[in-house]
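Colleague: Here you go, this is target_27.csv (CSV, C-alpha atoms).
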chain,number,residue,atom,x,y,z
A,964,VAL,CA,-91.2,82.0,-168.8
A,965,THR,CA,-91.5,84.9,-171.2
A,966,LEU,CA,-88.7,86.8,-172.8
A,967,ALA,CA,-89.1,89.4,-170.0
A,968,ASP,CA,-88.5,86.7,-167.3
A,969,LYS,CA,-92.2,86.7,-166.2
A,970,VAL,CA,-93.9,83.3,-165.3
A,971,TYR,CA,-97.3,82.3,-166.7
A,972,CYS,CA,-99.2,79.1,-166.0
A,973,TRP,CA,-102.5,77.6,-167.0
A,974,GLY,CA,-104.5,74.5,-166.3
A,975,TYR,CA,-105.0,72.7,-162.9
A,976,ASN,CA,-104.1,74.7,-159.8
A,977,GLN,CA,-105.7,73.0,-156.7
A,978,TYR,CA,-102.3,72.8,-154.9
A,979,TYR,CA,-101.1,76.3,-155.6
A,980,GLN,CA,-99.0,75.1,-158.5
A,981,PHE,CA,-99.2,78.5,-160.1
A,982,GLY,CA,-97.5,80.1,-157.1
A,983,ASN,CA,-99.8,83.2,-157.3
A,984,GLY,CA,-101.6,82.7,-153.9
A,985,THR,CA,-104.7,81.2,-155.5
A,986,THR,CA,-106.1,77.8,-156.3
A,987,ARG,CA,-108.1,79.0,-159.3
A,988,THR,CA,-107.8,76.8,-162.4
A,989,SER,CA,-107.3,78.7,-165.7
A,990,GLU,CA,-107.8,77.8,-169.3
A,991,ALA,CA,-105.6,80.7,-170.4
A,992,PRO,CA,-102.1,81.8,-169.3
A,993,VAL,CA,-102.2,83.8,-166.0
A,994,ARG,CA,-99.4,85.6,-164.3
A,995,ALA,CA,-97.8,83.1,-161.9
A,996,ALA,CA,-95.0,82.9,-159.3
A,997,SER,CA,-96.6,85.8,-157.4
A,998,ASP,CA,-95.2,88.3,-160.0
A,999,SER,CA,-91.6,87.2,-159.4
A,1000,THR,CA,-89.1,87.6,-162.1
A,1001,LEU,CA,-87.5,84.2,-162.9
A,1002,ALA,CA,-85.3,83.1,-165.7
A,1003,ALA,CA,-86.3,79.4,-165.6
A,1004,VAL,CA,-88.9,77.2,-164.0
A,1005,ALA,CA,-89.3,73.4,-163.4
A,1006,MET,CA,-92.6,71.8,-162.5
A,1007,GLY,CA,-93.3,68.7,-160.5
A,1008,SER,CA,-96.6,66.8,-160.1
A,1009,ASP,CA,-98.0,69.4,-157.7
A,1010,SER,CA,-95.2,71.9,-157.0
A,1011,GLY,CA,-92.9,74.2,-158.9
A,1012,CYS,CA,-89.5,75.9,-158.5
A,1013,GLY,CA,-87.7,78.6,-160.4
A,1014,LEU,CA,-84.3,80.3,-160.7
A,1015,ASP,CA,-83.6,83.9,-161.0
A,1016,ARG,CA,-80.9,85.4,-163.1
A,1017,ARG,CA,-78.4,84.9,-160.2
A,1018,GLY,CA,-79.2,81.2,-159.8
A,1019,ALA,CA,-81.1,81.6,-156.5
A,1020,ALA,CA,-83.9,79.0,-156.3
A,1021,PHE,CA,-87.5,79.6,-155.2
A,1022,CYS,CA,-90.2,77.0,-154.8
A,1023,TRP,CA,-94.0,76.8,-154.2
A,1024,GLY,CA,-97.0,74.5,-154.3
A,1025,SER,CA,-97.5,71.3,-152.4
A,1026,ASN,CA,-95.0,70.9,-149.5
A,1027,GLY,CA,-96.0,67.9,-147.4
A,1028,SER,CA,-92.5,66.4,-147.7
A,1029,GLY,CA,-90.3,69.5,-147.6
A,1030,GLU,CA,-90.1,69.8,-151.4
A,1031,ASP,CA,-90.1,73.6,-151.3
A,1032,GLY,CA,-86.7,73.6,-149.7
A,1033,GLY,CA,-87.7,76.4,-147.3
A,1034,GLY,CA,-86.2,74.7,-144.2
A,1035,GLN,CA,-89.4,74.1,-142.3
A,1036,ARG,CA,-89.9,70.7,-140.8
A,1037,PRO,CA,-91.8,68.6,-143.3
A,1038,SER,CA,-95.3,67.7,-142.1
A,1039,ASN,CA,-96.1,64.7,-144.4
A,1040,GLY,CA,-99.5,66.2,-144.9
A,1041,ASN,CA,-101.5,68.7,-146.8
A,1042,THR,CA,-99.2,71.6,-146.5
A,1043,TYR,CA,-98.9,74.2,-149.2
A,1044,THR,CA,-96.5,77.1,-150.1
A,1045,LYS,CA,-98.7,79.6,-151.8
A,1046,VAL,CA,-96.1,81.9,-153.3
A,1047,PRO,CA,-92.4,81.4,-154.2
A,1048,THR,CA,-90.3,80.8,-151.1
A,1049,PRO,CA,-86.4,81.0,-151.2
A,1050,VAL,CA,-84.7,77.7,-151.0
A,1051,VAL,CA,-82.4,77.8,-148.0
A,1052,GLY,CA,-78.6,77.2,-148.0
A,1053,GLY,CA,-77.5,80.1,-150.2
A,1054,LEU,CA,-76.7,77.8,-153.1
A,1055,THR,CA,-76.4,79.0,-156.7
A,1056,PHE,CA,-78.0,76.6,-159.1
A,1057,ARG,CA,-77.7,76.0,-162.8
A,1058,SER,CA,-80.7,73.8,-163.3
A,1059,LEU,CA,-83.6,72.2,-161.4
A,1060,SER,CA,-85.8,69.1,-161.8
A,1061,LEU,CA,-88.9,68.2,-159.8
A,1062,SER,CA,-91.2,65.3,-159.4
A,1063,ASP,CA,-93.7,64.0,-156.9
A,1064,GLY,CA,-92.7,65.1,-153.4
A,1065,TYR,CA,-89.1,66.1,-154.1
A,1066,SER,CA,-86.9,68.5,-155.9
A,1067,CYS,CA,-83.3,68.4,-157.2
A,1068,GLY,CA,-80.8,70.8,-158.6
A,1069,VAL,CA,-77.3,71.1,-159.9
A,1070,ASP,CA,-75.3,74.0,-158.6
A,1071,VAL,CA,-72.6,76.1,-160.3
A,1072,ASN,CA,-69.9,73.9,-158.8
A,1073,ASP,CA,-71.4,70.8,-160.5
A,1074,ARG,CA,-72.7,69.3,-157.3
A,1075,GLY,CA,-76.1,67.6,-157.2
A,1076,TYR,CA,-78.6,68.3,-154.4
A,1077,CYS,CA,-82.1,67.0,-153.6
A,1078,TRP,CA,-84.7,67.7,-151.0
A,1079,GLY,CA,-88.1,66.3,-150.0
A,1080,VAL,CA,-89.1,62.6,-149.8
A,1081,SER,CA,-86.2,60.8,-148.2
A,1082,ARG,CA,-86.0,57.9,-150.6
A,1083,PHE,CA,-85.3,60.2,-153.5
A,1084,VAL,CA,-82.7,62.5,-151.9
A,1085,GLY,CA,-79.9,60.3,-153.1
A,1086,SER,CA,-78.3,60.1,-149.6
A,1087,ARG,CA,-78.8,57.7,-146.7
A,1088,VAL,CA,-81.3,59.9,-144.9
A,1089,THR,CA,-84.2,58.2,-143.2
A,1090,ASN,CA,-86.5,61.2,-142.8
A,1091,ASN,CA,-87.8,63.7,-145.4
A,1092,VAL,CA,-85.7,66.8,-145.6
A,1093,SER,CA,-86.6,70.4,-146.3
A,1094,THR,CA,-83.1,71.7,-147.1
A,1095,PRO,CA,-80.9,70.9,-150.1
A,1096,THR,CA,-78.9,67.7,-149.3
A,1097,PRO,CA,-75.9,66.6,-151.4
A,1098,ILE,CA,-76.5,63.4,-153.3
A,1099,ALA,CA,-74.0,60.7,-152.3
A,1100,LEU,CA,-72.0,60.8,-155.5
A,1101,ASP,CA,-68.3,61.8,-155.3
A,1102,GLN,CA,-68.3,63.1,-158.9
A,1103,LYS,CA,-69.3,66.3,-160.5
A,1104,VAL,CA,-72.8,66.3,-162.0
A,1105,ARG,CA,-73.9,67.9,-165.2
A,1106,ALA,CA,-77.7,67.2,-165.0
A,1107,ILE,CA,-80.3,65.5,-162.8
A,1108,SER,CA,-83.6,64.1,-164.0
A,1109,ALA,CA,-86.2,63.6,-161.2
A,1110,GLY,CA,-88.6,60.8,-162.0
A,1111,LYS,CA,-91.8,59.6,-160.4
A,1112,ASP,CA,-90.1,56.6,-158.7
A,1113,HIS,CA,-86.4,57.1,-159.3
A,1114,ALA,CA,-83.9,59.8,-160.3
A,1115,CYS,CA,-80.8,59.8,-162.5
A,1116,ALA,CA,-77.8,62.0,-162.9
A,1117,ILE,CA,-75.2,62.5,-165.6
A,1118,THR,CA,-71.7,63.3,-164.5
A,1119,THR,CA,-69.4,65.7,-166.2
A,1120,THR,CA,-67.6,62.6,-167.6
A,1121,ASP,CA,-70.9,61.5,-169.2
A,1122,GLU,CA,-71.6,58.5,-166.8
A,1123,ILE,CA,-75.1,57.7,-165.7
A,1124,TRP,CA,-76.0,57.2,-162.1
A,1125,CYS,CA,-79.5,56.4,-160.7
A,1126,TRP,CA,-81.2,55.9,-157.4
A,1127,GLY,CA,-84.7,55.2,-156.0
A,1128,GLY,CA,-87.0,52.4,-156.9
A,1129,ASN,CA,-86.0,49.5,-159.2
A,1130,ARG,CA,-89.0,47.3,-159.4
A,1131,ASN,CA,-88.8,47.1,-163.2
A,1132,GLY,CA,-85.1,47.6,-163.6
A,1133,GLN,CA,-85.3,51.4,-164.2
A,1134,LEU,CA,-82.0,52.0,-162.4
A,1135,GLY,CA,-80.2,50.0,-165.1
A,1136,ALA,CA,-78.1,48.3,-162.4
A,1137,GLY,CA,-78.3,45.2,-160.2
A,1138,ALA,CA,-80.0,46.9,-157.2
A,1139,SER,CA,-83.1,44.7,-157.3
A,1140,ASN,CA,-84.7,46.4,-154.3
A,1141,GLY,CA,-83.8,49.9,-155.3
A,1142,SER,CA,-81.0,52.0,-153.9
A,1143,ALA,CA,-81.0,55.0,-151.5
A,1144,VAL,CA,-77.8,56.3,-153.1
A,1145,PRO,CA,-76.7,56.6,-156.7
A,1146,VAL,CA,-75.6,53.4,-158.5
A,1147,ARG,CA,-73.8,53.2,-161.8
A,1148,SER,CA,-76.3,52.7,-164.5
A,1149,ALA,CA,-76.3,51.4,-168.1
A,1150,GLY,CA,-72.9,49.9,-167.9
A,1151,GLU,CA,-70.3,51.8,-169.9
A,1152,LEU,CA,-72.8,53.8,-171.9
A,1153,LYS,CA,-71.9,57.5,-172.2
A,1154,ALA,CA,-74.8,59.9,-172.3
A,1155,ALA,CA,-75.4,63.4,-173.4
A,1156,GLU,CA,-78.7,63.7,-171.5
A,1157,ILE,CA,-81.0,61.6,-169.3
A,1158,SER,CA,-84.7,61.4,-168.6
A,1159,ALA,CA,-86.2,59.4,-165.7
A,1160,ALA,CA,-89.9,58.9,-166.5
A,1161,ASN,CA,-92.1,61.3,-164.6
A,1162,VAL,CA,-95.6,59.9,-165.0
A,1163,SER,CA,-98.0,58.3,-162.6
A,1164,PHE,CA,-98.5,54.8,-161.4
A,1165,GLY,CA,-96.4,51.9,-162.8
A,1166,PHE,CA,-95.8,53.6,-166.2
A,1167,ALA,CA,-92.9,55.6,-164.5
A,1168,ALA,CA,-90.6,52.6,-164.2
A,1169,PHE,CA,-88.2,53.3,-167.1
A,1170,THR,CA,-85.3,55.5,-168.0
A,1171,CYS,CA,-84.0,56.8,-171.4
A,1172,ALA,CA,-80.7,58.5,-172.3
With the file now loaded, output its structure as C-alpha cells.
Modeller:
Amino acid sequence: VTLADKVYCWGYNQYYQFGNGTTRTSEAPVRAASDSTLAAVAMGSDSGCGLDRRGAAFCWGSNGSGEDGGGQRPSNGNTYTKVPTPVVGGLTFRSLSLSDGYSCGVDVNDRGYCWGVSRFVGSRVTNNVSTPTPIALDQKVRAISAGKDHACAITTTDEIWCWGGNRNGQLGAGASNGSAVPVRSAGELKAAEISAANVSFGFAAFTCA
C-alpha cells in the first residue's frame, strides 16, 4: 500500500491474487485491487483482503471455500473473485489475517471473526462459511494470526488462544487431535504478539509469540 492508499502487487497471479481482474504475472509492481483505495492489505496463499480508511473489508482471489466473505455459498472448487468484493455483515475491522482457504479479522469492538474453511473458523461449524463468523472465545481479542494449519489469537489481557490442527503440538495445549474452537495456549505466558506459521506442507506446524 502506497502513501496514497493505492495497492500494488507483483509476482504470481494465477488465482487473481492481484485483484485487478487479470491473471497476468508481473515482475514489477502493477496497480492492484482494481484501482480501489485501501489503507491496509493482508495476503493469503492465493487470496487477498484489504481495509479502507473506515475499516470496511474487501476480499479477492481464490474463493473455493468462501474466504472472500461475500456471502455466496462456498463451492469447494475453483471459484475466483477477480476484483475486491465487500465482506458482508457491515463490520468495521481494525486488522485482517489470511491463510490457505480462510480469512480472519478483529473488529473495532475487539471481537474476532473468521470465514472460509470450517476447521479454521474457530467455531463449531461443520460446513465452510462465506460470512464473518465469531470465534468461540468469550474474551476481547487484540490480534489474530491465521496459519497454514492452525490459527491463534491474543486477547486484550495478553493471553494466547489457538485452534485448528495440532499434529505437532502447535496449539501449545493438550488437544492432541486439534480443536475446532480456541484453547488456552502456552500456559501462563503473556504475549505482545503472535505468529502461527503460514508456510506449506508440514513446515507450518509451529507457533511463535
Colleague: Nearest to Cys1115 (chain A) among A:Glu1156, A:Glu1151, A:Glu990, A:Asp1031, with distances taken over only C-alpha atoms: which residue is it?
Modeller: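 Of all the options, A:Glu1156 lies closest to Cys1115 (chain A).
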Colleague: Of the candidates A:Val1080, A:Leu1100, A:Ile1117, A:Ala1149, which one gets nearest to Pro1037 (chain A) if we count all atoms listed in the file?
Modeller: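 Closest to Pro1037 (chain A) of all the choices is A:Val1080.
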Colleague: Do a neighbour search on Ile1123 (chain A) at 10 Å with only C-alpha atoms, toss out local chain neighbours closer than 6 positions, and write the hits as a list in words.
Modeller: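 Once the nearby chain positions are removed, what remains is Val1104, Ala1106, Ile1107, Cys1115, Ala1116, Ile1117, Leu1134, Gly1135, Pro1145, Val1146, Arg1147, Ser1148, Ala1149, Gly1150, Glu1151, Leu1152, Lys1153, Ala1154, Ala1155, Glu1156, Ile1157 and Ala1172 of chain A.
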Colleague: Tell me which of A:Thr1042, A:Ser989, A:Thr1000, A:Ser1158 sits closest to Val964 (chain A), counting only C-alpha atoms.
Modeller: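 Comparing A:Thr1042, A:Ser989, A:Thr1000, A:Ser1158 against Val964 (chain A), the winner is A:Thr1000.
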Colleague: Could you tell me which of A:Ala1003, A:Val1092, A:Cys1077, A:Val1050 comes closest to Trp1023 (chain A) if we count all atoms listed in the file?
Modeller: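 Closest to Trp1023 (chain A) of all the choices is A:Val1050.
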Colleague: Excluding Tyr1043 (chain A) and any residue of its chain fewer than 4 positions from it, enumerate the residues within 10 Å of it, using only C-alpha atoms, and give them as a compact mmCIF listing (two decimals) with C-alpha atoms, in the frame of the given file.
Modeller:
# COMPACT_ATOMS: atom_id res chain seq x y z
CA TYR A 978 -102.30 72.80 -154.90
CA TYR A 979 -101.10 76.30 -155.60
CA GLN A 980 -99.00 75.10 -158.50
CA GLY A 982 -97.50 80.10 -157.10
CA ASP A 1009 -98.00 69.40 -157.70
CA SER A 1010 -95.20 71.90 -157.00
CA TRP A 1023 -94.00 76.80 -154.20
CA GLY A 1024 -97.00 74.50 -154.30
CA SER A 1025 -97.50 71.30 -152.40
CA ASN A 1026 -95.00 70.90 -149.50
CA GLY A 1027 -96.00 67.90 -147.40
CA GLY A 1029 -90.30 69.50 -147.60
CA ASP A 1031 -90.10 73.60 -151.30
Colleague: So what do you get for CA of Gly1034 (chain A) versus CA of Ser1081 (chain A), distance-wise?
Modeller: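 A separation of 14.5 Å between them.
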Colleague: Using all atoms listed in the file, determine which residues lie at most 7 Å from Leu1054 (chain A), disregarding the query and same-chain residues fewer than 2 positions distant; provide the list as a compact mmCIF listing (two decimals) with C-alpha atoms, in the frame of the given file.
Modeller:
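around.txt written:
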# COMPACT_ATOMS: atom_id res chain seq x y z
CA ALA A 1019 -81.10 81.60 -156.50
CA GLY A 1052 -78.60 77.20 -148.00
CA PHE A 1056 -78.00 76.60 -159.10
CA ASP A 1070 -75.30 74.00 -158.60
Colleague: CA of Ile1098 (chain A) to CA of Gly1085 (chain A): how many Å, to one decimal?
Modeller: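 Between CA of Ile1098 (chain A) and CA of Gly1085 (chain A) the gap works out to 4.6 Å.
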Colleague: Could you tell me how far CA of Phe1166 (chain A) sits from CA of Gly1075 (chain A), in Å to one decimal place?
Modeller: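 Value for the CA of Gly1075 (chain A)-CA of Phe1166 (chain A) distance: 25.8 Å.
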Colleague: Within 7 Å of Asn1140 (chain A), counting only C-alpha atoms, which residues qualify if same-chain residues fewer than 3 places away don't, as a list in words?
Modeller: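 Skipping anything fewer than 3 positions along the chain leaves Gly1128, Asn1129 and Arg1130 of chain A.
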Colleague: Since we have the selection now, will you write its residues out, keeping C-alpha atoms, as a compact mmCIF listing (two decimals), in the coordinates of the input?
Modeller:
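Wrote selection.txt, looks like this:
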# COMPACT_ATOMS: atom_id res chain seq x y z
CA GLY A 1128 -87.00 52.40 -156.90
CA ASN A 1129 -86.00 49.50 -159.20
CA ARG A 1130 -89.00 47.30 -159.40
Colleague: Find the residues near Asp968 (chain A): any atom within 12 Å, counting all atoms listed in the file, skip ones fewer than 3 places away on the same chain, and give them as a list in words.
Modeller: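 Here the qualifying residues turn out to be Val964, Thr965, Tyr971, Arg994, Ala995, Ala996, Asp998, Ser999, Thr1000, Leu1001, Ala1002, Ala1003, Val1004, Gly1013, Leu1014, Asp1015 and Arg1016 of chain A.
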Colleague: Those residues you just picked out, can you put them in a file as a PDB file, keeping the file's coordinate frame with C-alpha atoms?
Modeller:
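selection-v4.pdb was written with the following content:
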ATOM      1  CA  VAL A 964     -91.200  82.000-168.800  1.00  0.00           C
ATOM      2  CA  THR A 965     -91.500  84.900-171.200  1.00  0.00           C
ATOM      3  CA  TYR A 971     -97.300  82.300-166.700  1.00  0.00           C
ATOM      4  CA  ARG A 994     -99.400  85.600-164.300  1.00  0.00           C
ATOM      5  CA  ALA A 995     -97.800  83.100-161.900  1.00  0.00           C
ATOM      6  CA  ALA A 996     -95.000  82.900-159.300  1.00  0.00           C
ATOM      7  CA  ASP A 998     -95.200  88.300-160.000  1.00  0.00           C
ATOM      8  CA  SER A 999     -91.600  87.200-159.400  1.00  0.00           C
ATOM      9  CA  THR A1000     -89.100  87.600-162.100  1.00  0.00           C
ATOM     10  CA  LEU A1001     -87.500  84.200-162.900  1.00  0.00           C
ATOM     11  CA  ALA A1002     -85.300  83.100-165.700  1.00  0.00           C
ATOM     12  CA  ALA A1003     -86.300  79.400-165.600  1.00  0.00           C
ATOM     13  CA  VAL A1004     -88.900  77.200-164.000  1.00  0.00           C
ATOM     14  CA  GLY A1013     -87.700  78.600-160.400  1.00  0.00           C
ATOM     15  CA  LEU A1014     -84.300  80.300-160.700  1.00  0.00           C
ATOM     16  CA  ASP A1015     -83.600  83.900-161.000  1.00  0.00           C
ATOM     17  CA  ARG A1016     -80.900  85.400-163.100  1.00  0.00           C
TER      18      ARG A1016
END
